[in-house]
Amino acid sequence: MATAAEPRPVPSAARKLRPVKAIGSSSEFDLLLACCADPCGDEHGERIRSILSRPLDWERILWLVDHHRVVPQVYSELSALSHLVPVQHLNALRLRYQDNARKTLWFTAELVRLVGHLEAVGIKALPYKGPVLAQTLYGEVTRRQFGDLDILILPTDVLKAKAALHDLGYKPAIELAPRIETAYVKTGYECSFSAAQGSNLLELQWRILPRFYSIDFDVAVFFERSDEIAVGGCHMRTLRAEDLLLVLCVHAAKHVWVQLSWLCDIAQLVKTGRLDWNVIHDDAQRLGIERIVSLNLLLAQKLLGSPSHSSRQTWAFQEDRSTAVLEEILRIIERGTAYDTESLSYFRVMMRLRECWQDRARFLWRLTVTPSVSEWLAVQLPQPLEPLYRLVRLSRLARRLASAG
């Protein structure tokens with residue numbers, strides 16, 4: 001891990017943020033936040049006890065725990081106050097905790113098997129979520145909830161990796177013709193795999209995001225400066241802390257922060273104090289994601305009491321509308337509902353998250369002309385006519401806009 005460095009001062013041009021309106025959260029959501037917040041001082045336990053003294057909808061609490069994927073955090077806090085929790089609901093949480101522990105241990109053993117096999121056939125593998133993230137942030141794989149494995153590889157290794165995974169009993173969720181698959185590697189970012197134990201157990205990724213998001217991480221550089229970690233008794237490589245923070249931030253933004261667990265991870269990483277903020281700032285600026293990083297840090301601070309780094313959190317907040325974005329995201333998180341990532345409102349949010357008009361323009365252009373798996377599966381065109389997939393993409397987008405209107 002890199003040693004921490006003193007942050008550069010905020011440019012004088014940066015304006016002071018307008019106060020963010022408090023969210024009118026329910027007692028059930030308050031309890032979730034309290035259980036996930038930074039447990040510093042006696043006030044933490046008092047806050048949870050105070051909320052538990054109120055009338056609570058425990059079915060709603062269990063639903064929120066499942067939706068936000070924070071079973072380990074909530075069970076850990078509430079089991080210590082078991083005398084204040086209805087027995088049947090504490091038992092329901094315990095069953096969820098035990099089920100998650102079994103799953104995480106299975107995934108850990110499977111990750112060791114997968115990474116070992118990939119490397120044995122000459123494929124560099126860089127797991128960065130799942131068991132590796134749990135071990136990195138919480139020191140124990142069972143203390144984080146996850147339901148699949150994410151492994152980064154180089155784009156040049158995609159087809160070879162798919163063959164290697166086939167040897168282990170994994171099958172891709174979508175089968176594409178070889179010539180289409182080659183095109184997909186250029187514009188896509190991941191391939192889901194299933195096995196006898198279940199569907200979508202593994203995400204094999206060669207980019208962090210689809211190309212149309214216009215956030216172009218260099219995966220090869222990730223490998224060059226990766227760190228080593230021991231997981232399940234096996235040493236493997238993973239993202240260095242600074243790269244991990246940026247990746248976690250864009251992942252949460254991509255999904256519009258609908259799960260609190262993503263902010264928990266970011267808050268926990270910031271809490272370690274092992275981040276070089278100058279490196280993070282430079283990389284965020286180069287990638288055009290200063291506003292995205294700032295939003296994540298502010299959300300983690302506001303909701304979870306993450307350590308405040310005001311000079312680091314105001315990089316991109318030089319426009320009043322950024323505060324409005326923050327307030328909108330807070331409402332999305334509190335509602336605890338899924339967000340339609342194919343809707344016009346979603347793409348508007350993605351546009352507002354970017355601070356540079358060139359990045360917004362590039363996002364719109366790539367979104368418009370980059371064929372996806374849906375286009376390739378919808379129409380089978382012969383190889384000479386493959387450029388026409390852009391027109392298929394435009395046609396499908398036009399129909400979507402018309403139906404939305």
# chains A, B, ... in the order shown; residues from 1 in each chain; ligands from 1

call {"tool": "residues_around", "arguments": {"residues": "segment 381-395 of chain A", "least_positions_apart": "6", "cutoff": "7 Å", "atoms": "only C-alpha atoms", "output": "list in words"}}
result
Thr368, Val369, Thr370, Pro371 and Glu375 of chain A

call {"tool": "closest_atom_pairs", "arguments": {"of": "segment 116-235 of chain A", "to": "segment 283-301 of chain A", "cutoff": "10 Å", "atoms": "only C-alpha atoms", "output": "JSON lines"}}
result
{"residue": "A:Ser214", "atom": "CA", "partner": "A:Leu287", "partner_atom": "CA", "distance": 8.6}
{"residue": "A:Ile215", "atom": "CA", "partner": "A:Leu287", "partner_atom": "CA", "distance": 5.9}
{"residue": "A:Asp216", "atom": "CA", "partner": "A:Leu287", "partner_atom": "CA", "distance": 6.7}
{"residue": "A:Phe217", "atom": "CA", "partner": "A:Leu287", "partner_atom": "CA", "distance": 7.4}

call {"tool": "closest_residue", "arguments": {"among": "A:Arg360, A:Arg207, A:Arg54, A:Arg331", "to": "Arg348 of chain A", "atoms": "only C-alpha atoms"}}
result
A:Arg360

call {"tool": "residues_around", "arguments": {"residues": "Phe222 of chain A", "least_positions_apart": "5", "cutoff": "9 Å", "atoms": "only C-alpha atoms", "output": "PyMOL selection string"}}
result
chain A and resi 126+217+238-240+243

call {"tool": "residues_around", "arguments": {"residues": "Ala34 of chain A", "least_positions_apart": "6", "cutoff": "10 Å", "atoms": "only C-alpha atoms", "output": "ChimeraX atom specification"}}
result
/A:28,44-49,51,73-74,77,303-305

call {"tool": "atom_distance", "arguments": {"atom1": "atom CA of Leu152 of chain A", "atom2": "atom CA of Leu269 of chain A"}}
result
19.9 Å

call {"tool": "closest_residue", "arguments": {"among": "A:Leu93, A:Ala338, A:Ala173, A:Val112", "to": "Asn200 of chain A", "atoms": "only C-alpha atoms"}}
result
A:Ala173

call {"tool": "residues_around", "arguments": {"residues": "Thr182 of chain A", "least_positions_apart": "3", "cutoff": "12 Å", "atoms": "only C-alpha atoms", "output": "list in words"}}
result
Pro155, Thr156, Asp157, Val158, Leu159, Leu176, Ala177, Pro178, Arg179, Val185, Lys186, Thr187, Gly188 and Val373 of chain A

call {"tool": "residues_around", "arguments": {"residues": "Gln98 of chain A", "least_positions_apart": "4", "cutoff": "10 Å", "atoms": "only C-alpha atoms", "output": "ChimeraX atom specification"}}
result
/A:71-72,93-94,102-104,142

call {"tool": "residues_around", "arguments": {"residues": "Leu137 of chain A", "least_positions_apart": "6", "cutoff": "9 Å", "atoms": "only C-alpha atoms", "output": "PyMOL selection string"}}
result
chain A and resi 144+265+268-269+272

call {"tool": "closest_residue", "arguments": {"among": "A:Phe363, A:Ala183, A:Asn91, A:Cys249", "to": "Trp58 of chain A", "atoms": "only C-alpha atoms"}}
result
A:Asn91

call {"tool": "closest_residue", "arguments": {"among": "A:Gln205, A:Gln88, A:Ser79, A:Ser345", "to": "Cys191 of chain A", "atoms": "only C-alpha atoms"}}
result
A:Gln205

call {"tool": "closest_residue", "arguments": {"among": "A:Leu114, A:Ile61, A:Ile229, A:Ala324", "to": "Gly139 of chain A", "atoms": "only C-alpha atoms"}}
result
A:Ile229

call {"tool": "atom_distance", "arguments": {"atom1": "atom CA of Glu224 of chain A", "atom2": "atom CA of Leu263 of chain A"}}
result
26.9 Å
